[in-house]
$ cat upload_11.cif   # mmCIF, C-alpha atoms
data_entry
loop_
_atom_site.group_PDB
_atom_site.id
_atom_site.type_symbol
_atom_site.label_atom_id
_atom_site.label_comp_id
_atom_site.auth_asym_id
_atom_site.auth_seq_id
_atom_site.Cartn_x
_atom_site.Cartn_y
_atom_site.Cartn_z
ATOM 1 C CA MET A 2 -12.577 -9.024 1.621
ATOM 2 C CA GLY A 3 -10.494 -12.186 1.875
ATOM 3 C CA PRO A 4 -9.279 -15.185 -0.121
ATOM 4 C CA ARG A 5 -12.819 -16.137 -1.122
ATOM 5 C CA ASP A 6 -13.072 -12.804 -2.974
ATOM 6 C CA TRP A 7 -9.854 -13.054 -4.996
ATOM 7 C CA GLU A 8 -11.396 -14.613 -8.098
ATOM 8 C CA ALA A 9 -14.043 -11.885 -8.260
ATOM 9 C CA LEU A 10 -11.376 -9.220 -7.834
ATOM 10 C CA ARG A 11 -9.308 -10.654 -10.685
ATOM 11 C CA ALA A 12 -12.334 -10.264 -12.961
ATOM 12 C CA LEU A 13 -12.813 -6.547 -12.277
ATOM 13 C CA PRO A 14 -10.117 -5.197 -14.651
ATOM 14 C CA ARG A 15 -11.621 -7.195 -17.516
ATOM 15 C CA GLU A 16 -14.969 -5.508 -16.881
ATOM 16 C CA GLU A 17 -13.565 -2.030 -16.207
ATOM 17 C CA PRO A 18 -9.998 -1.378 -17.445
ATOM 18 C CA ARG A 19 -9.690 1.719 -15.242
ATOM 19 C CA VAL A 20 -9.808 -0.600 -12.200
ATOM 20 C CA GLN A 21 -6.654 -2.502 -11.246
ATOM 21 C CA VAL A 22 -6.296 -4.850 -8.293
ATOM 22 C CA GLY A 23 -3.806 -6.187 -5.809
ATOM 23 C CA LEU A 24 -4.293 -9.574 -4.159
ATOM 24 C CA GLY A 25 -3.330 -10.344 -0.586
ATOM 25 C CA ILE A 26 -4.462 -10.976 2.977
ATOM 26 C CA HIS A 27 -4.926 -7.803 4.996
ATOM 27 C CA PRO A 28 -3.721 -8.345 8.581
ATOM 28 C CA GLN A 29 -7.090 -7.192 9.907
ATOM 29 C CA MET A 30 -8.609 -10.195 8.118
ATOM 30 C CA LEU A 31 -6.444 -12.728 9.944
ATOM 31 C CA PRO A 32 -8.550 -12.863 13.134
ATOM 32 C CA HIS A 33 -11.432 -14.033 10.933
ATOM 33 C CA LEU A 34 -9.423 -16.745 9.148
ATOM 34 C CA PRO A 35 -8.330 -20.074 10.698
ATOM 35 C CA PRO A 36 -4.558 -20.078 11.361
ATOM 36 C CA GLU A 37 -4.284 -23.624 10.053
ATOM 37 C CA GLU A 38 -5.405 -22.355 6.623
ATOM 38 C CA ASP A 39 -2.688 -19.692 6.254
ATOM 39 C CA ALA A 40 -0.414 -21.955 4.173
ATOM 40 C CA ALA A 41 -3.288 -22.998 1.911
ATOM 41 C CA HIS A 42 -4.316 -19.369 1.391
ATOM 42 C CA LEU A 43 -0.762 -18.419 0.412
ATOM 43 C CA GLU A 44 -0.645 -21.359 -2.010
ATOM 44 C CA LEU A 45 -3.904 -20.164 -3.574
ATOM 45 C CA LEU A 46 -2.493 -16.656 -3.808
ATOM 46 C CA ASP A 47 0.564 -18.049 -5.593
ATOM 47 C CA THR A 48 -1.660 -19.861 -8.088
ATOM 48 C CA LEU A 49 -3.772 -16.784 -8.832
ATOM 49 C CA LEU A 50 -0.762 -14.502 -9.204
ATOM 50 C CA THR A 51 0.639 -16.986 -11.716
ATOM 51 C CA ARG A 52 -2.551 -16.637 -13.769
ATOM 52 C CA GLY A 53 -2.180 -12.835 -13.869
ATOM 53 C CA GLY A 54 -4.699 -10.084 -13.388
ATOM 54 C CA ALA A 55 -3.096 -8.458 -10.321
ATOM 55 C CA VAL A 56 -0.705 -5.505 -10.425
ATOM 56 C CA ALA A 57 0.502 -5.842 -6.820
ATOM 57 C CA VAL A 58 0.638 -8.140 -3.808
ATOM 58 C CA GLY A 59 -1.466 -6.859 -0.933
ATOM 59 C CA GLU A 60 -2.677 -4.954 0.829
ATOM 60 C CA CYS A 61 -0.773 -6.955 3.429
ATOM 61 C CA GLY A 62 1.361 -6.135 6.433
ATOM 62 C CA LEU A 63 1.181 -5.800 10.214
ATOM 63 C CA ASP A 64 -1.564 -4.396 12.425
ATOM 64 C CA GLY A 65 -1.012 -3.836 16.145
ATOM 65 C CA PRO A 66 -4.697 -3.657 17.163
ATOM 66 C CA SER A 67 -5.313 -7.002 15.427
ATOM 67 C CA ALA A 68 -2.656 -8.788 17.501
ATOM 68 C CA ALA A 69 -5.242 -9.883 20.092
ATOM 69 C CA GLY A 70 -6.978 -12.003 17.465
ATOM 70 C CA ALA A 71 -3.951 -12.659 15.257
ATOM 71 C CA PRO A 72 -0.688 -12.688 17.244
ATOM 72 C CA MET A 73 2.161 -10.694 15.773
ATOM 73 C CA GLU A 74 4.168 -13.881 15.216
ATOM 74 C CA ARG A 75 1.421 -15.142 12.905
ATOM 75 C CA GLN A 76 1.128 -11.789 11.140
ATOM 76 C CA VAL A 77 4.878 -11.723 10.501
ATOM 77 C CA ALA A 78 4.825 -15.272 9.122
ATOM 78 C CA VAL A 79 2.001 -14.440 6.718
ATOM 79 C CA LEU A 80 3.741 -11.237 5.642
ATOM 80 C CA ARG A 81 6.931 -13.201 4.938
ATOM 81 C CA GLY A 82 4.845 -15.341 2.619
ATOM 82 C CA HIS A 83 3.562 -12.275 0.786
ATOM 83 C CA LEU A 84 7.064 -10.872 0.351
ATOM 84 C CA ALA A 85 8.277 -14.196 -1.033
ATOM 85 C CA LEU A 86 5.420 -14.254 -3.548
ATOM 86 C CA ALA A 87 6.115 -10.665 -4.590
ATOM 87 C CA ARG A 88 9.749 -11.588 -5.268
ATOM 88 C CA LYS A 89 8.670 -14.700 -7.181
ATOM 89 C CA HIS A 90 6.142 -12.915 -9.396
ATOM 90 C CA GLY A 91 7.997 -9.624 -9.839
ATOM 91 C CA LEU A 92 5.226 -7.528 -8.292
ATOM 92 C CA PRO A 93 5.323 -4.602 -5.842
ATOM 93 C CA VAL A 94 3.868 -4.921 -2.343
ATOM 94 C CA LEU A 95 1.140 -2.713 -0.865
ATOM 95 C CA MET A 96 2.293 -2.501 2.755
ATOM 96 C CA HIS A 97 -0.033 -1.804 5.682
ATOM 97 C CA CYS A 98 1.557 -0.984 9.028
ATOM 98 C CA HIS A 99 -0.484 0.355 11.941
ATOM 99 C CA ARG A 100 0.999 0.519 15.437
ATOM 100 C CA ALA A 101 3.441 -2.235 14.496
ATOM 101 C CA HIS A 102 6.472 -0.429 13.080
ATOM 102 C CA PRO A 103 9.028 -2.036 15.454
ATOM 103 C CA ALA A 104 7.995 -5.487 14.248
ATOM 104 C CA LEU A 105 8.017 -4.394 10.604
ATOM 105 C CA LYS A 106 11.444 -2.800 10.934
ATOM 106 C CA GLU A 107 12.803 -5.995 12.462
ATOM 107 C CA LEU A 108 11.338 -8.040 9.624
ATOM 108 C CA LEU A 109 12.724 -5.759 6.914
ATOM 109 C CA GLU A 110 16.186 -5.998 8.470
ATOM 110 C CA GLN A 111 15.998 -9.765 7.882
ATOM 111 C CA GLU A 112 13.934 -10.104 4.728
ATOM 112 C CA PRO A 113 14.996 -9.000 1.223
ATOM 113 C CA LEU A 114 12.504 -6.625 -0.335
ATOM 114 C CA PRO A 115 10.979 -7.441 -3.723
ATOM 115 C CA GLU A 116 12.900 -5.891 -6.595
ATOM 116 C CA ALA A 117 9.592 -4.471 -7.886
ATOM 117 C CA GLY A 118 9.319 -2.350 -4.730
ATOM 118 C CA VAL A 119 7.278 -1.785 -1.588
ATOM 119 C CA LEU A 120 4.714 0.987 -1.195
ATOM 120 C CA MET A 121 4.073 2.169 2.370
ATOM 121 C CA HIS A 122 0.326 2.587 1.990
ATOM 122 C CA SER A 123 -1.346 5.616 3.603
ATOM 123 C CA TYR A 124 1.842 6.429 5.466
ATOM 124 C CA SER A 125 1.266 8.105 8.830
ATOM 125 C CA GLY A 126 4.591 7.690 10.631
ATOM 126 C CA GLY A 127 7.048 10.459 11.323
ATOM 127 C CA ALA A 128 10.099 11.626 9.405
ATOM 128 C CA GLU A 129 12.633 9.581 11.399
ATOM 129 C CA LEU A 130 10.715 6.383 10.763
ATOM 130 C CA ALA A 131 10.371 7.341 7.105
ATOM 131 C CA ARG A 132 14.151 7.603 6.815
ATOM 132 C CA PHE A 133 14.482 3.937 7.792
ATOM 133 C CA TYR A 134 12.016 2.888 5.083
ATOM 134 C CA ILE A 135 13.690 5.216 2.574
ATOM 135 C CA GLN A 136 17.028 3.544 3.279
ATOM 136 C CA LYS A 137 15.355 0.181 2.620
ATOM 137 C CA GLY A 138 14.115 1.423 -0.763
ATOM 138 C CA CYS A 139 10.431 1.849 0.037
ATOM 139 C CA HIS A 140 7.986 4.171 -1.696
ATOM 140 C CA PHE A 141 5.312 6.153 0.151
ATOM 141 C CA SER A 142 1.693 7.050 -0.482
ATOM 142 C CA PHE A 143 -0.222 9.680 1.499
ATOM 143 C CA ALA A 144 -3.980 9.969 2.038
ATOM 144 C CA GLY A 145 -6.507 12.368 3.597
ATOM 145 C CA PRO A 146 -4.639 13.076 6.862
ATOM 146 C CA VAL A 147 -2.179 15.352 5.030
ATOM 147 C CA THR A 148 -5.097 17.821 4.658
ATOM 148 C CA TRP A 149 -6.211 17.740 8.293
ATOM 149 C CA ALA A 150 -5.596 20.873 10.367
ATOM 150 C CA GLU A 151 -3.647 19.065 13.098
ATOM 151 C CA ALA A 152 -1.445 17.101 10.675
ATOM 152 C CA ARG A 153 2.183 17.288 11.764
ATOM 153 C CA LYS A 154 3.928 13.905 11.590
ATOM 154 C CA PRO A 155 2.750 13.009 8.068
ATOM 155 C CA LEU A 156 3.730 16.432 6.746
ATOM 156 C CA ASP A 157 7.180 16.209 8.322
ATOM 157 C CA ALA A 158 7.579 12.763 6.750
ATOM 158 C CA LEU A 159 6.287 14.017 3.408
ATOM 159 C CA ARG A 160 9.034 16.640 3.262
ATOM 160 C CA ALA A 161 11.704 14.034 4.034
ATOM 161 C CA ILE A 162 10.785 11.645 1.224
ATOM 162 C CA PRO A 163 12.663 11.762 -2.105
ATOM 163 C CA PRO A 164 10.369 13.124 -4.859
ATOM 164 C CA GLU A 165 10.723 9.968 -6.970
ATOM 165 C CA ARG A 166 9.362 7.800 -4.102
ATOM 166 C CA LEU A 167 6.172 9.802 -3.532
ATOM 167 C CA MET A 168 2.568 8.917 -4.418
ATOM 168 C CA ALA A 169 -0.965 9.920 -3.411
ATOM 169 C CA GLU A 170 -4.120 7.936 -2.635
ATOM 170 C CA THR A 171 -7.558 8.393 -1.080
ATOM 171 C CA ASP A 172 -7.684 5.189 1.015
ATOM 172 C CA ALA A 173 -11.393 5.200 0.135
ATOM 173 C CA PRO A 174 -13.708 4.666 1.909
ATOM 174 C CA ASP A 175 -11.560 5.730 4.910
ATOM 175 C CA GLN A 176 -9.658 8.890 5.899
ATOM 176 C CA ALA A 177 -11.546 11.413 3.785
ATOM 177 C CA PRO A 178 -9.682 14.691 3.234
ATOM 178 C CA THR A 179 -10.811 18.108 4.388
ATOM 179 C CA PRO A 180 -13.583 19.343 3.887
ATOM 180 C CA HIS A 181 -15.088 15.821 3.774
ATOM 181 C CA ARG A 182 -13.417 14.525 6.931
ATOM 182 C CA GLY A 183 -15.683 12.184 8.875
ATOM 183 C CA GLN A 184 -17.591 11.212 5.750
ATOM 184 C CA ARG A 185 -17.023 8.383 3.298
ATOM 185 C CA SER A 186 -13.871 8.952 1.268
ATOM 186 C CA GLU A 187 -14.124 8.665 -2.516
ATOM 187 C CA PRO A 188 -11.576 8.252 -5.345
ATOM 188 C CA GLY A 189 -12.742 11.601 -6.696
ATOM 189 C CA TYR A 190 -11.204 13.312 -3.664
ATOM 190 C CA LEU A 191 -7.670 12.628 -4.879
ATOM 191 C CA PRO A 192 -7.147 16.245 -6.070
ATOM 192 C CA ARG A 193 -7.788 17.432 -2.483
ATOM 193 C CA ILE A 194 -4.961 15.232 -1.257
ATOM 194 C CA ILE A 195 -2.635 16.385 -4.023
ATOM 195 C CA GLU A 196 -3.422 19.988 -3.082
ATOM 196 C CA GLY A 197 -2.628 19.324 0.590
ATOM 197 C CA MET A 198 0.648 17.644 -0.277
ATOM 198 C CA ALA A 199 1.581 20.429 -2.691
ATOM 199 C CA ARG A 200 0.972 23.108 -0.042
ATOM 200 C CA ALA A 201 3.255 21.287 2.379
ATOM 201 C CA LEU A 202 5.966 20.951 -0.268
ATOM 202 C CA GLY A 203 5.586 24.498 -1.574
ATOM 203 C CA GLU A 204 5.038 23.570 -5.196
ATOM 204 C CA PRO A 205 2.173 23.765 -7.710
ATOM 205 C CA ALA A 206 -0.432 21.033 -7.415
ATOM 206 C CA GLU A 207 -0.269 20.271 -11.138
ATOM 207 C CA VAL A 208 3.484 19.635 -10.899
ATOM 208 C CA LEU A 209 3.026 17.248 -7.975
ATOM 209 C CA ALA A 210 0.127 15.517 -9.730
ATOM 210 C CA GLN A 211 2.302 14.836 -12.761
ATOM 211 C CA ARG A 212 5.211 13.570 -10.673
ATOM 212 C CA THR A 213 3.125 11.239 -8.506
ATOM 213 C CA THR A 214 1.446 9.879 -11.634
ATOM 214 C CA GLU A 215 4.815 9.137 -13.205
ATOM 215 C CA ASN A 216 5.982 7.484 -9.983
ATOM 216 C CA ALA A 217 2.869 5.292 -9.913
ATOM 217 C CA ARG A 218 3.418 4.268 -13.531
ATOM 218 C CA ARG A 219 6.959 3.158 -12.702
ATOM 219 C CA LEU A 220 5.942 1.197 -9.610
ATOM 220 C CA PHE A 221 2.787 -0.425 -10.982
ATOM 221 C CA ARG A 222 4.191 -1.429 -14.346
ATOM 222 C CA GLU A 223 1.587 -4.160 -14.858
ATOM 223 C CA ALA A 224 -1.173 -1.523 -14.688
ATOM 224 C CA PHE A 225 0.413 0.607 -17.410
ATOM 225 C CA PRO A 226 1.650 -1.722 -20.171
ATOM 226 C CA GLU A 227 3.796 -0.317 -22.938
ATOM 227 C CA PRO A 228 1.739 0.574 -26.033
ATOM 228 C CA SER A 229 2.062 -1.749 -28.995
ATOM 229 C CA ARG A 230 4.459 -0.624 -31.703
#
$ encode --input "upload_11.cif" --output "structure tokens"
Amino acid sequence: MGPRDWEALRALPREEPRVQVGLGIHPQMLPHLPPEEDAAHLELLDTLLTRGGAVAVGECGLDGPSAAGAPMERQVAVLRGHLALARKHGLPVLMHCHRAHPALKELLEQEPLPEAGVLMHSYSGGAELARFYIQKGCHFSFAGPVTWAEARKPLDALRAIPPERLMAETDAPDQAPTPHRGQRSEPGYLPRIIEGMARALGEPAEVLAQRTTENARRLFREAFPEPSR
């Protein structure tokens, strides 16, 4: 999905309140979009965020395998635009980073993070890398790989992350948890991921589920408005 789909995405929460959306340009989309339209797409994103209906900016970020079709310099420039819009609109960022952590680290050393926060989506880096993002104030979400038998790096990172920065996701339709690995992932598999995270942390799944829910409510404030009094 790309900029042409943003209007349809904004309509989804009105049709189904349980669905909330973020708006942004995924770096894997950039090879399919003309570089000369990047500025116009960011201007459109600004306009739509002003109108409301999105609870986050993104998923956006950097993608190493996409660099052949979208050079890293272009990806960084587009990500800078997303971060600026997140700061302007007071929204958190859903951050994708795949085989591009050196470039992202360099950017985050230069660029102020949005006050609303940054969520490292489906985090798969190690503990040492996580410590850099922790120091920058990032939050972390883990997906199906924490349940895979050979999982090592994500579990080491999971144990290094402060409890108040931790969340869970399915990354549906990708990265299905055990025992569904290799199949289409589904939102209903979230309890499997919570269970895998809880085993690694040595705590009850229901305790972790409550904490990650509370963390998500704090980060995605637009998705959980205060009840009327």
$ closest_residue --input "upload_11.cif" --among "A:Gly127, A:Pro35, A:Pro226, A:Gly82" --to "Leu114 of chain A" --atoms "all atoms listed in the file"
A:Gly82
$ axis_aligned_box --input "upload_11.cif" --around "segment 152-165 of chain A" --padding-each-side "8 Å" --output "lines of an AutoDock Vina configuration file"
center_x = 5.6
center_y = 13.6
center_z = 2.4
size_x = 30.1
size_y = 23.3
size_z = 34.7
$ residues_around --input "upload_11.cif" --residues "Pro180 of chain A" --least-positions-apart "4" --cutoff "9 Å" --atoms "all atoms listed in the file" --output "JSON, numbers by chain"
{"A": [148, 149, 193]}
$ resolve_selection --input "upload_11.cif" --expression "the PyMOL selection byres ((chain A and resi 27) around 8)" --output "ChimeraX atom specification"
/A:3,25-26,28-31,59-62,97
$ residues_near_point --input "upload_11.cif" --point "(-12.3, 10.2, -7.0)" --cutoff "12 Å" --atoms "only C-alpha atoms" --output "PyMOL selection string"
chain A and resi 169-174+177-178+185-195
$ write_last_selection --input "upload_11.cif" --atoms "C-alpha atoms" --output "CSV table (one decimal), keeping the file's coordinate frame"
chain,number,residue,atom,x,y,z
A,169,ALA,CA,-1.0,9.9,-3.4
A,170,GLU,CA,-4.1,7.9,-2.6
A,171,THR,CA,-7.6,8.4,-1.1
A,172,ASP,CA,-7.7,5.2,1.0
A,173,ALA,CA,-11.4,5.2,0.1
A,174,PRO,CA,-13.7,4.7,1.9
A,177,ALA,CA,-11.5,11.4,3.8
A,178,PRO,CA,-9.7,14.7,3.2
A,185,ARG,CA,-17.0,8.4,3.3
A,186,SER,CA,-13.9,9.0,1.3
A,187,GLU,CA,-14.1,8.7,-2.5
A,188,PRO,CA,-11.6,8.3,-5.3
A,189,GLY,CA,-12.7,11.6,-6.7
A,190,TYR,CA,-11.2,13.3,-3.7
A,191,LEU,CA,-7.7,12.6,-4.9
A,192,PRO,CA,-7.1,16.2,-6.1
A,193,ARG,CA,-7.8,17.4,-2.5
A,194,ILE,CA,-5.0,15.2,-1.3
A,195,ILE,CA,-2.6,16.4,-4.0
$ atom_distance --input "upload_11.cif" --atom1 "atom CA of Ser67 of chain A" --atom2 "atom CA of Pro32 of chain A"
7.1 Å
